[in-house]
Every structure is written in C-alpha cells, then in structure tokens.
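Asks: For reference, the file input_20.txt (compact mmCIF, C-alpha atoms and all ligand atoms) is included below:
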```
# COMPACT_ATOMS: atom_id res chain seq x y z
CA ALA A 759 8.43 38.70 -38.27
CA LEU A 760 9.79 36.80 -35.33
CA LYS A 761 9.00 33.15 -35.66
CA ARG A 762 9.03 31.13 -32.48
CA LYS A 763 9.40 27.42 -32.49
CA LEU A 764 8.93 25.07 -29.60
CA SER A 765 12.12 23.36 -28.58
CA ASN A 766 10.71 19.95 -29.46
CA ASP A 767 9.96 21.00 -33.05
CA PHE A 768 13.50 22.20 -33.37
CA GLY A 769 14.94 18.85 -32.42
CA VAL A 770 17.10 20.14 -29.62
CA GLU A 771 18.57 17.20 -27.75
CA ASN A 772 17.14 16.53 -24.35
CA GLY A 773 19.33 16.69 -21.32
CA VAL A 774 21.14 19.89 -22.25
CA SER A 775 20.14 21.51 -18.99
CA GLY A 776 19.48 18.36 -17.00
CA SER A 777 16.59 15.93 -16.99
CA ASP A 778 14.03 18.52 -15.88
CA ASP A 779 14.46 20.49 -19.06
CA THR A 780 11.76 23.10 -18.60
CA GLY A 781 12.30 23.90 -14.93
CA VAL A 782 14.47 26.45 -13.22
CA LYS A 783 17.72 24.80 -12.21
CA VAL A 784 18.48 25.68 -8.60
CA ILE A 785 21.91 25.28 -7.08
CA VAL A 786 22.81 26.17 -3.53
CA ARG A 787 26.42 27.12 -2.93
CA VAL A 788 27.67 27.20 0.65
CA ARG A 789 30.78 29.33 0.96
CA PRO A 790 33.72 28.47 3.24
CA THR A 791 33.73 30.00 6.72
CA SER A 792 35.28 33.46 6.77
CA LYS A 793 38.07 34.63 9.08
CA ASN A 794 35.70 35.97 11.73
CA GLU A 795 33.46 32.90 11.78
CA GLU A 796 34.37 29.94 13.95
CA GLU A 797 34.32 26.38 12.59
CA GLY A 798 32.10 25.49 15.57
CA GLU A 799 29.51 27.97 14.32
CA VAL A 800 28.79 25.95 11.17
CA ILE A 801 25.11 24.97 10.96
CA VAL A 802 24.76 24.04 7.27
CA GLN A 803 25.86 20.53 6.21
CA LYS A 804 25.79 19.04 2.72
CA THR A 805 24.26 15.57 3.03
CA SER A 806 24.36 14.42 -0.63
CA GLY A 807 24.89 15.85 -4.15
CA ASP A 808 21.54 17.62 -4.03
CA SER A 809 20.68 17.92 -0.34
CA LEU A 810 21.71 19.77 2.78
CA THR A 811 20.53 20.27 6.33
CA ILE A 812 20.43 23.44 8.36
CA LEU A 813 20.34 22.62 12.09
CA GLY A 814 19.02 19.20 11.10
CA GLN A 815 16.23 20.54 8.82
CA PRO A 816 16.56 18.97 5.35
CA PHE A 817 16.32 20.74 1.96
CA THR A 818 16.73 19.32 -1.56
CA PHE A 819 17.63 21.24 -4.74
CA ASP A 820 19.13 20.30 -8.13
CA SER A 821 22.63 20.45 -6.67
CA VAL A 822 24.38 21.51 -3.51
CA ALA A 823 27.94 22.84 -3.76
CA ASP A 824 29.70 23.06 -0.41
CA ALA A 825 32.82 24.86 0.81
CA THR A 826 35.03 22.39 -1.06
CA SER A 827 33.41 23.18 -4.44
CA THR A 828 35.58 24.91 -7.01
CA GLN A 829 34.80 27.57 -9.60
CA VAL A 830 35.16 24.79 -12.21
CA ASP A 831 32.47 22.73 -10.42
CA ILE A 832 30.05 25.68 -10.60
CA PHE A 833 30.92 26.22 -14.27
CA ASN A 834 30.19 22.55 -14.99
CA LEU A 835 26.85 22.75 -13.17
CA VAL A 836 25.49 25.97 -14.69
CA GLY A 837 28.00 27.55 -17.11
CA ALA A 838 28.52 24.71 -19.59
CA PRO A 839 24.76 23.99 -19.98
CA LEU A 840 24.18 27.74 -20.41
CA VAL A 841 26.58 27.86 -23.37
CA GLU A 842 24.98 24.80 -25.00
CA ASN A 843 21.48 26.24 -24.49
CA CYS A 844 22.57 29.55 -25.97
CA LEU A 845 24.06 27.88 -29.06
CA ALA A 846 20.87 25.88 -29.47
CA GLY A 847 19.01 29.22 -29.70
CA PHE A 848 17.58 29.61 -26.19
CA ASN A 849 17.75 32.73 -24.06
CA SER A 850 19.76 31.56 -21.06
CA SER A 851 20.32 33.22 -17.71
CA VAL A 852 22.07 32.68 -14.42
CA PHE A 853 20.99 34.67 -11.35
CA ALA A 854 23.03 34.78 -8.16
CA TYR A 855 20.81 35.33 -5.13
CA GLY A 856 21.74 35.60 -1.46
CA GLN A 857 22.62 37.91 1.39
CA THR A 858 25.60 40.27 1.15
CA GLY A 859 28.83 38.39 1.83
CA SER A 860 27.43 34.98 0.82
CA GLY A 861 29.57 34.64 -2.34
CA LYS A 862 27.41 35.97 -5.22
CA THR A 863 30.12 38.17 -6.72
CA TYR A 864 32.74 35.49 -6.20
CA THR A 865 30.52 33.04 -8.09
CA VAL A 866 29.45 35.29 -10.99
CA TRP A 867 32.66 37.24 -11.71
CA GLY A 868 35.34 35.90 -9.38
CA PRO A 869 36.76 37.86 -6.41
CA ALA A 870 36.16 41.39 -7.73
CA ASN A 871 39.17 43.08 -6.12
CA ALA A 872 41.60 40.52 -7.49
CA LEU A 873 40.00 40.81 -10.92
CA LEU A 874 40.36 44.58 -10.94
CA GLU A 875 43.96 44.42 -9.75
CA ASN A 876 44.94 41.73 -12.29
CA GLU A 877 45.68 39.38 -9.43
CA LEU A 878 43.13 36.76 -10.29
CA SER A 879 44.58 33.25 -10.39
CA SER A 880 43.06 31.01 -13.06
CA ASP A 881 41.33 28.77 -10.49
CA GLN A 882 39.58 31.82 -8.96
CA GLN A 883 37.98 32.89 -12.25
CA GLY A 884 34.24 33.14 -11.87
CA LEU A 885 31.43 31.94 -14.04
CA THR A 886 31.38 34.81 -16.56
CA PRO A 887 34.96 34.55 -17.91
CA ARG A 888 34.59 30.75 -18.03
CA VAL A 889 31.30 30.98 -19.94
CA PHE A 890 32.87 33.19 -22.60
CA GLU A 891 35.98 31.06 -22.86
CA ARG A 892 33.74 28.07 -23.59
CA LEU A 893 31.40 30.06 -25.86
CA PHE A 894 34.22 31.19 -28.17
CA ALA A 895 35.75 27.69 -28.24
CA ARG A 896 32.36 26.15 -29.10
CA ILE A 897 31.71 28.76 -31.81
CA SER A 898 35.02 27.83 -33.54
CA GLU A 899 34.14 24.18 -33.19
CA GLU A 900 30.70 24.70 -34.77
CA GLN A 901 32.19 26.75 -37.60
CA ASN A 902 34.75 24.02 -38.36
CA LYS A 903 32.19 21.25 -38.10
CA HIS A 904 29.78 22.95 -40.51
CA ALA A 905 32.30 24.62 -42.81
CA ASP A 906 29.94 24.05 -45.78
CA LYS A 907 27.19 26.21 -44.20
CA GLN A 908 29.30 29.35 -43.72
CA LEU A 909 28.20 29.91 -40.13
CA ILE A 910 28.71 33.48 -39.01
CA TYR A 911 28.43 34.43 -35.35
CA GLN A 912 28.22 37.87 -33.84
CA CYS A 913 28.39 38.50 -30.07
CA ARG A 914 27.50 41.87 -28.53
CA CYS A 915 27.81 42.57 -24.82
CA SER A 916 26.34 45.15 -22.47
CA PHE A 917 26.72 45.64 -18.74
CA LEU A 918 24.29 47.59 -16.58
CA GLU A 919 23.46 48.29 -12.99
CA ILE A 920 20.07 48.80 -11.38
CA TYR A 921 20.45 50.94 -8.32
CA ASN A 922 17.64 52.75 -6.57
CA GLU A 923 15.33 51.71 -9.47
CA GLN A 924 17.55 53.56 -11.94
CA ILE A 925 19.51 51.92 -14.73
CA THR A 926 23.13 53.01 -15.29
CA ASP A 927 25.30 51.88 -18.19
CA LEU A 928 28.38 50.34 -16.53
CA LEU A 929 30.31 50.66 -19.82
CA ASP A 930 29.52 54.39 -19.95
CA PRO A 931 28.50 55.53 -16.47
CA ALA A 932 27.61 59.04 -17.69
CA GLN A 933 24.51 57.30 -19.12
CA ARG A 934 22.17 57.24 -16.15
CA ASN A 935 18.50 56.71 -15.70
CA LEU A 936 18.15 54.74 -18.94
CA GLN A 937 14.68 53.58 -19.88
CA ILE A 938 13.41 50.10 -20.66
CA ARG A 939 11.51 49.79 -23.96
CA GLU A 940 9.69 46.94 -25.59
CA ASP A 941 8.83 46.26 -29.21
CA THR A 942 7.55 43.21 -31.02
CA LYS A 943 10.74 42.71 -33.03
CA THR A 944 13.48 43.15 -30.41
CA GLY A 945 11.49 42.34 -27.28
CA VAL A 946 12.56 44.13 -24.09
CA TYR A 947 15.66 46.33 -24.35
CA VAL A 948 17.34 49.29 -22.66
CA GLU A 949 17.37 52.43 -24.76
CA ASN A 950 20.83 53.93 -25.48
CA LEU A 951 22.69 51.17 -23.66
CA THR A 952 26.27 50.62 -24.93
CA GLU A 953 26.74 47.36 -26.81
CA GLU A 954 30.27 46.22 -27.64
CA SER A 955 31.11 43.50 -30.14
CA VAL A 956 33.33 40.83 -28.63
CA CYS A 957 35.21 38.01 -30.30
CA SER A 958 37.75 36.94 -27.68
CA ILE A 959 37.97 36.28 -23.98
CA LYS A 960 40.33 39.27 -23.78
CA ASN A 961 37.56 41.58 -25.07
CA VAL A 962 35.14 40.23 -22.47
CA THR A 963 37.61 40.54 -19.58
CA GLN A 964 38.22 44.17 -20.53
CA LEU A 965 34.49 44.90 -20.46
CA LEU A 966 34.08 43.11 -17.14
CA LYS A 967 36.86 45.12 -15.54
CA LYS A 968 35.56 48.37 -16.92
CA GLY A 969 32.03 47.65 -15.72
CA LEU A 970 33.00 46.33 -12.30
CA SER A 971 35.19 49.36 -11.60
CA ASN A 972 32.13 51.53 -12.31
CA ARG A 973 29.86 49.58 -9.94
CA ARG A 974 28.81 51.42 -6.90
CA THR A 975 28.28 50.17 -3.43
CA GLY A 976 26.32 52.10 -0.88
CA ALA A 977 27.69 52.56 2.61
CA THR A 978 25.34 52.79 5.57
CA SER A 979 26.00 52.77 9.26
CA ILE A 980 24.78 49.17 9.35
CA ASN A 981 26.72 47.51 6.58
CA MET A 982 29.58 49.37 4.97
CA GLU A 983 30.22 46.79 2.29
CA SER A 984 26.62 46.08 1.47
CA SER A 985 26.06 45.60 -2.22
CA ARG A 986 22.86 47.43 -2.98
CA SER A 987 22.81 47.23 -6.73
CA HIS A 988 21.82 44.53 -9.19
CA SER A 989 24.29 44.10 -12.04
CA VAL A 990 23.41 42.45 -15.32
CA PHE A 991 25.94 41.36 -17.97
CA THR A 992 24.20 40.50 -21.23
CA CYS A 993 25.51 39.02 -24.46
CA VAL A 994 23.40 38.81 -27.60
CA VAL A 995 24.62 35.94 -29.78
CA GLU A 996 23.48 36.03 -33.39
CA SER A 997 24.23 33.27 -35.84
CA ARG A 998 23.56 33.20 -39.57
CA CYS A 999 23.92 30.31 -41.90
CA LYS A 1000 23.36 29.89 -45.62
CA SER A 1001 20.81 27.24 -46.47
CA MET A 1002 20.60 25.07 -49.61
CA ASP A 1003 18.46 27.65 -51.43
CA GLY A 1004 21.00 30.37 -50.69
CA LEU A 1005 18.86 32.19 -48.11
CA SER A 1006 20.43 32.97 -44.81
CA SER A 1007 18.59 32.26 -41.57
CA LEU A 1008 19.16 34.10 -38.35
CA LYS A 1009 19.11 32.71 -34.84
CA THR A 1010 19.36 35.06 -31.86
CA SER A 1011 19.80 34.20 -28.23
CA ARG A 1012 20.77 36.08 -25.14
CA ILE A 1013 22.95 35.21 -22.19
CA ASN A 1014 22.26 37.10 -18.95
CA LEU A 1015 24.59 36.84 -15.97
CA VAL A 1016 22.99 38.55 -13.00
CA ASP A 1017 24.56 39.44 -9.66
CA LEU A 1018 21.61 40.50 -7.51
CA ALA A 1019 21.71 42.98 -4.64
CA GLY A 1020 22.02 41.46 -1.17
CA SER A 1021 18.76 39.77 -0.20
CA GLU A 1022 19.06 40.64 3.52
CA ARG A 1023 16.18 42.52 5.02
CA GLN A 1024 16.99 46.19 4.89
CA LYS A 1025 17.13 47.44 8.45
CA LEU A 1026 16.33 51.09 8.36
CA THR A 1027 18.13 52.07 11.55
CA GLY A 1028 20.44 54.98 10.83
CA ALA A 1029 19.26 55.33 7.24
CA ALA A 1030 17.61 58.59 6.25
CA GLY A 1031 16.73 60.53 3.12
CA GLU A 1032 18.30 59.01 -0.02
CA ARG A 1033 19.38 55.89 1.88
CA LEU A 1034 15.86 55.28 3.13
CA LYS A 1035 14.42 55.74 -0.36
CA GLU A 1036 17.13 53.49 -1.73
CA ALA A 1037 16.32 50.75 0.79
CA GLY A 1038 12.67 50.88 -0.30
CA ASN A 1039 13.55 50.73 -3.98
CA ILE A 1040 15.98 47.87 -3.56
CA ASN A 1041 13.32 46.02 -1.71
CA ARG A 1042 11.02 46.80 -4.64
CA SER A 1043 13.15 45.01 -7.26
CA LEU A 1044 14.03 42.10 -5.00
CA SER A 1045 10.63 41.74 -3.39
CA GLN A 1046 9.07 41.92 -6.84
CA LEU A 1047 11.40 39.12 -7.92
CA GLY A 1048 10.21 37.13 -4.89
CA ASN A 1049 6.55 37.87 -5.76
CA LEU A 1050 7.04 36.74 -9.34
CA ILE A 1051 8.73 33.55 -8.23
CA ASN A 1052 5.71 32.82 -6.01
CA ILE A 1053 3.20 33.60 -8.77
CA LEU A 1054 5.09 31.62 -11.43
CA ALA A 1055 5.46 28.65 -9.10
CA GLU A 1056 1.72 28.77 -8.38
CA VAL A 1057 0.87 29.04 -12.11
CA SER A 1058 3.19 26.10 -12.87
CA GLN A 1059 1.54 23.98 -10.21
CA SER A 1060 -2.10 24.90 -10.80
CA GLY A 1061 -1.88 25.33 -14.58
CA LYS A 1062 -4.21 28.36 -14.21
CA GLN A 1063 -3.35 31.53 -16.15
CA ARG A 1064 -3.05 34.83 -14.32
CA HIS A 1065 -1.56 38.28 -14.82
CA ILE A 1066 2.17 38.36 -14.09
CA PRO A 1067 3.21 41.85 -12.93
CA TYR A 1068 6.62 41.97 -14.64
CA ARG A 1069 6.55 45.74 -15.05
CA ASP A 1070 6.30 46.53 -11.35
CA SER A 1071 10.08 46.81 -10.98
CA LYS A 1072 13.02 47.56 -13.29
CA LEU A 1073 14.67 44.22 -12.58
CA THR A 1074 11.63 42.08 -13.36
CA PHE A 1075 10.66 44.18 -16.43
CA LEU A 1076 14.17 43.92 -17.86
CA LEU A 1077 14.47 40.20 -17.16
CA GLN A 1078 10.89 39.21 -17.88
CA GLU A 1079 11.95 36.91 -20.69
CA SER A 1080 14.19 35.04 -18.26
CA LEU A 1081 11.43 34.61 -15.72
CA GLY A 1082 8.78 32.14 -16.72
CA GLY A 1083 9.03 33.17 -20.35
CA ASN A 1084 11.20 32.31 -23.29
CA ALA A 1085 14.24 31.14 -21.38
CA LYS A 1086 16.40 28.62 -19.60
CA LEU A 1087 17.09 29.84 -16.10
CA ALA A 1088 19.53 28.73 -13.43
CA MET A 1089 19.73 30.24 -9.96
CA VAL A 1090 22.78 29.99 -7.78
CA CYS A 1091 21.59 30.66 -4.25
CA ALA A 1092 24.60 31.57 -2.14
CA VAL A 1093 24.62 31.02 1.62
CA SER A 1094 26.99 31.33 4.54
CA PRO A 1095 27.46 28.22 6.70
CA ALA A 1096 27.51 30.25 9.94
CA GLN A 1097 25.08 30.33 12.85
CA SER A 1098 25.14 34.15 12.81
CA CYS A 1099 23.52 34.14 9.31
CA LYS A 1100 20.85 31.57 10.21
CA SER A 1101 17.71 33.58 9.49
CA GLU A 1102 19.00 34.99 6.16
CA THR A 1103 20.21 31.53 5.12
CA LEU A 1104 16.79 30.02 5.88
CA SER A 1105 15.13 32.78 3.90
CA THR A 1106 17.47 32.16 0.90
CA LEU A 1107 16.80 28.39 1.06
CA ARG A 1108 13.03 29.01 1.07
CA PHE A 1109 13.37 31.36 -1.90
CA ALA A 1110 15.42 28.66 -3.68
CA GLN A 1111 12.71 26.07 -3.01
CA ARG A 1112 9.99 28.27 -4.48
CA ALA A 1113 12.12 28.96 -7.58
CA LYS A 1114 12.42 25.19 -8.07
CA ALA A 1115 8.67 24.93 -8.64
CA ILE A 1116 8.70 27.16 -11.77
CA LYS A 1117 8.36 25.64 -15.22
CA ASN A 1118 9.61 27.83 -18.09
CA LYS A 1119 8.51 27.42 -21.67
CA ALA A 1120 11.75 27.89 -23.55
CA VAL A 1121 11.49 28.42 -27.29
CA VAL A 1122 14.07 29.08 -29.97
CA ASN A 1123 14.14 32.52 -31.62
CA GLU A 1124 14.48 32.14 -35.34
CA GLN A 1125 13.92 34.45 -38.29
P1 LIG A 1201 28.51 38.85 -2.11
O1 LIG A 1201 28.74 39.18 -3.55
O2 LIG A 1201 27.41 37.84 -1.92
O3 LIG A 1201 28.33 40.05 -1.24
P2 LIG A 1201 31.29 38.01 -2.14
O4 LIG A 1201 31.29 37.24 -3.40
O5 LIG A 1201 31.88 39.37 -2.17
O6 LIG A 1201 29.80 38.09 -1.54
O7 LIG A 1201 31.95 37.10 -1.03
C1 LIG A 1201 32.28 37.56 0.28
C2 LIG A 1201 33.72 37.15 0.62
O8 LIG A 1201 33.83 35.73 0.68
C3 LIG A 1201 34.72 37.61 -0.42
O9 LIG A 1201 35.92 37.94 0.25
C4 LIG A 1201 34.92 36.38 -1.29
O10 LIG A 1201 36.17 36.39 -1.96
C5 LIG A 1201 34.79 35.25 -0.29
N1 LIG A 1201 34.19 34.04 -0.90
C6 LIG A 1201 32.91 33.88 -1.25
N2 LIG A 1201 32.68 32.65 -1.74
C7 LIG A 1201 33.86 32.00 -1.70
C8 LIG A 1201 34.29 30.68 -2.06
N3 LIG A 1201 33.41 29.78 -2.58
N4 LIG A 1201 35.57 30.37 -1.87
C9 LIG A 1201 36.45 31.26 -1.35
N5 LIG A 1201 36.11 32.52 -0.98
C10 LIG A 1201 34.84 32.89 -1.15
```
Could I get this file's structure written as structure tokens?
Ligand code: ADP

Replies:
Amino acid sequence: ALKRKLSNDFGVENGVSGSDDTGVKVIVRVRPTSKNEEEGEVIVQKTSGDSLTILGQPFTFDSVADATSTQVDIFNLVGAPLVENCLAGFNSSVFAYGQTGSGKTYTVWGPANALLENELSSDQQGLTPRVFERLFARISEEQNKHADKQLIYQCRCSFLEIYNEQITDLLDPAQRNLQIREDTKTGVYVENLTEESVCSIKNVTQLLKKGLSNRRTGATSINMESSRSHSVFTCVVESRCKSMDGLSSLKTSRINLVDLAGSERQKLTGAAGERLKEAGNINRSLSQLGNLINILAEVSQSGKQRHIPYRDSKLTFLLQESLGGNAKLAMVCAVSPAQSCKSETLSTLRFAQRAKAIKNKAVVNEQ
C-alpha cells in the first residue's frame, strides 16, 4: 500500500523551494521586445527582484525576471529547486502560462526551431534540458555519497499533448485519444502512453526533439502561429535503497514540465466547424485551470473544504496531483512588455496573483 508521509515527518530540510515552502512559487518573466515592437511601446517595468509595474500599477510575485534574465537565471529560480524537491520525494511541476508569443516555449524547452535544427547554443537551452542535466549529476552525487546503501535510480519519461480535449502521445503520435485512468496504487495515469527509460541528457534531448517535432499548431485566420495545445513532459523518478535489515524501500516522484496553450481569449471571428469546437475545448482546459486556481486560492484562504472539480477537463484531471494536492508547484507566467499586449498581460498578471494564494500540501511518496 502507498504510505504517505508529511514532509515534516520525513525531515526534509526547509528552504528547498524558498521560504514559503507550501505555496505555489510564481515567477513572472518579461520577454525582450520583438522586432516589430518599438522600445517606446514598453509598458512593463521591473521595479525590484519580486515586483513590477504595468503603466504604473504595481504587482508583487516571488520573483520577476525581466528582458535581461538568462535561461540560467530561470533554471536557478525554478529548475534547481525542482530537482532537489524531486530527489527529496516530492512530485514537482513547472507550468508555463501566458499568451501566445510571450516566451513559454522559449522558457520550457528553449527556442523550438533551433532545438529541432540542432542550432541551439548552450546559453539558449531551456529549463527542461537543464533540469535533466542537473538531475543526472545529482543522482551520481547521491549514489557516490551513499555508496553503502546501494542506491538505485530509474527515470522514465513520457511526452504528451492535449489538443481539442484529446490526448496524443508525442513519442508515438499514432496513439491518439488516449484515456486518463486512476487507481489507488499508481494514482492518475494515461493508459497506453509510451514511457522511455532515460539515463543521460542525450536520451532526454532525443525524446524532446522527437516530441516537439510531433507537436501540432493550429492555424486560423487570426493567428497563424497560435499554439493551441498543452504539452506535458513527465519523468517518473524511482529510487530504491537497501536498509540495515536488508529490505529495500522505494521512493517515487514525478517531474512535470508543462507548456500551456496560449492564454489569449479565443476570438471566434473566421473560425468555423472544427476550429470553433477546438477554441471551445481549449478554453475548457485553460478556463478550468483558472477556475481551479480560484477555488484552491479560496480554500487556502478560508480553510473551508469544498469539492474541487479536477475531472472537468483533461488538463486538470491529468495534473490534479500538481494542483493543490501532493506536489510542489512553480508557475512561470510569461508576458510581453509591449503596449499592444496590455490587456492579455494584465490578465496573465491577475492569474499569477491568484495562483500565489494557493497552499499545497506536499507529501513524500514512499513504499
Ligand atoms: P510562446 O511559446 O509563448 O508562444 P515563444 O517561446 O515561441 O512564445 O516566444 C516567442 C518568440 O520570442 C520566439 O521567437 C522566442 O525565441 C522569442 N523569445 C521569447 N522569450 C525570449 C527571451 N527571454 N529571450 C529571447 N527571445 C525570446
């Protein structure tokens, strides 16, 4: 049977994910201006390490990363704590939220085209390759440090896309419309999803490339490049160690790296048939995420229990353990600095503020 221990019982050191250990860590990343935006159009200003203003209106988060921030800075803020949390036995996730073109993909994977064409410079590498580089280095370190305990680690990765409320296996795109199942032993999982064992950064990069090349983007008359799918890269990390009495104990934790669909309001002009249905369904997963964030924030503040409708969308059902459940969660909310994106930026900042109010109860999975 699955035994769950509270983090405090387990003696996990405080401060692994910052001083507010049970909350959702919220980082806002402001991307540089793009070619067709003028410097004069910039309306978002970082005012300190954790604050910014938009047209003079102040907002505070856990951290603000501005246009000068590097991929290493983002790794240090969310990637390194994620690896430590995972090794301590916590399910750990990073979500990238924001409108299309705000820098979600750049943050989570690195610039996708360069990655696919093997033209990625090392400083452009996104969060995912950096997380796995650190994870494998830390696993070796742990094994050397506790050589007497015979620590064995196994890492298995999967990569899926939720598009139009249907789950596709990005490592085997012939597998479409996969179903989410739940049982008491494994928790929530996707039936028939490919899982590949990985033991090096090279293995992970190959899976990333394979999956990203299978991602689809929908083209409408409004926004040709709009990313309408949610993509979820998951790694299950299992560790076994022999104890004094010769029995081996098992610790399991999951890492989820999630690149959400663009959060912009779906304008339905010009969309018909499948596209119209798709717009509704994408709104379903994202608006359900927004609803859950509101409910969880309210529950955290009032302390009152209430039903949490995780199953109302594929995204929230699949990631229910990352949302207000057994998990450490970080959100990178990506925004553009430009005047032309003002209303979407404000909406992302408000979403980020609500997420900040959630308190998760992270526990270690141990058998
Ligand atoms: P999204 O995934 O939110 O749609 P992208 O990650 O594709 O957005 O970013 C849009 C464009 O901006 C891409 O060309 C990307 O390379 C560039 N970009 C985004 N963030 C940064 C950044 N922090 N530094 C440099 N270029 C960036």

Asks: Produce as a ChimeraX atom specification the set of residues near ligand LIG 1201 (chain A), where near means within 7 Å with all atoms listed in the file considered.

Replies: /A:789-790,792,825,827-828,856-865,869,984-985,1020,1092

Asks: A:Cys993, A:Val800, A:Ala872, A:Cys957: which is nearest A:Val841, counting only C-alpha atoms?

Replies: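 Using only C-alpha atoms, the shortest distance to A:Val841 belongs to A:Cys993.
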
Asks: If you count only C-alpha atoms, which residues fall within 12 Å of A:Asn1049, apart from same-chain ones fewer than 6 positions away, as a PDB file with C-alpha atoms, in the coordinates of the input?

Replies:
```
ATOM      1  CA  ASN A1041      13.320  46.020  -1.710  1.00  0.00           C
ATOM      2  CA  ARG A1042      11.020  46.800  -4.640  1.00  0.00           C
ATOM      3  CA  SER A1043      13.150  45.010  -7.260  1.00  0.00           C
ATOM      4  CA  ALA A1055       5.460  28.650  -9.100  1.00  0.00           C
ATOM      5  CA  GLU A1056       1.720  28.770  -8.380  1.00  0.00           C
ATOM      6  CA  ILE A1066       2.170  38.360 -14.090  1.00  0.00           C
ATOM      7  CA  PRO A1067       3.210  41.850 -12.930  1.00  0.00           C
ATOM      8  CA  TYR A1068       6.620  41.970 -14.640  1.00  0.00           C
ATOM      9  CA  ASP A1070       6.300  46.530 -11.350  1.00  0.00           C
ATOM     10  CA  SER A1071      10.080  46.810 -10.980  1.00  0.00           C
ATOM     11  CA  THR A1074      11.630  42.080 -13.360  1.00  0.00           C
ATOM     12  CA  LEU A1081      11.430  34.610 -15.720  1.00  0.00           C
ATOM     13  CA  PHE A1109      13.370  31.360  -1.900  1.00  0.00           C
ATOM     14  CA  ARG A1112       9.990  28.270  -4.480  1.00  0.00           C
ATOM     15  CA  ALA A1113      12.120  28.960  -7.580  1.00  0.00           C
TER      16      ALA A1113
END
```

Asks: Between A:Gln1059, A:Asn935, A:Ser997, A:Ser1094, which has the minimum distance to A:Glu923 (counting all atoms listed in the file)?

Replies: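 Checking each candidate against A:Glu923, we get A:Asn935 as the closest.
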
Asks: Between A:Ser1007, A:Thr826, A:Ser851, A:Gln964, which has the minimum distance to A:Arg787 (counting all atoms listed in the file)?

Replies: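 Residue with the minimum atom-to-atom distance to A:Arg787: A:Thr826.
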
Asks: Using all atoms listed in the file, which protein or nucleic acid residues come within 12 Å of A:Arg1108? Drop anything in the same chain fewer than 5 positions from it, and give the result as a PyMOL selection string.

Replies: chain A and resi 784+786+812+815-819+855-856+1048+1051-1052+1091+1093+1101-1103+1113-1115

Asks: Just to confirm, what's the straight-line distance from atom CA of A:Lys960 to atom CA of A:Asn876 in Å (one decimal)?

Replies: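 Between atom CA of A:Lys960 and atom CA of A:Asn876 the gap works out to 12.6 Å.
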
Asks: What is the atom CA of A:Pro839 to atom CA of A:Glu900 distance in Å?

Replies: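 Taking atom CA of A:Pro839 and atom CA of A:Glu900, their separation equals 16.0 Å.
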
Asks: Mind giving me the straight-line distance from atom CA of A:Tyr947 to atom CA of A:Arg1012 in Å, one decimal?

Replies: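 Atom CA of A:Tyr947 sits 11.5 Å away from atom CA of A:Arg1012.
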
Asks: Measuring atom to atom with only C-alpha atoms, identify which of A:Asn1014, A:Thr942, A:Ser916, A:Thr886 is nearest to A:Thr963.

Replies: A:Thr886

Asks: Select all residues near (28.5, 42.9, -24.9) (cut-off 7 Å, inclusive, file coordinates), counting only C-alpha atoms, and output them as a list of chain:residue names.

Replies: A:Cys913, A:Arg914, A:Cys915, A:Ser916, A:Phe917, A:Glu953, A:Glu954, A:Ser955, A:Val956, A:Thr992, A:Cys993

Asks: Using only C-alpha atoms, determine which residues lie at most 7 Å from A:Ile920, disregarding the query and same-chain residues fewer than 6 positions distant; provide the list as a list in words.

Replies: Thr926, Ser987, His988 and Ser989 of chain A

Asks: Between A:Leu893, A:Leu909, A:Ile832, A:Leu1044, which one has atoms that come closest to A:Val962, using all atoms listed in the file?

Replies: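 Smallest distance to A:Val962 is found for A:Leu893.
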
Asks: Which is closest to A:Thr1106 among A:Leu1073, A:Asp941, A:Thr805, A:Ala854, if we use all atoms listed in the file?

Replies: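 Of A:Leu1073, A:Asp941, A:Thr805, A:Ala854, the one nearest A:Thr1106 is A:Ala854, counting all atoms listed in the file.
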
Asks: Dump as a list in words all residues having an atom at most 6 Å from (26.2, 32.7, -39.9), computed in the file's coordinates with all atoms listed in the file.

Replies: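 Checked against the point, the hits come out as Gln908, Leu909, Ile910, Tyr911, Ser997, Arg998 and Cys999 of chain A.
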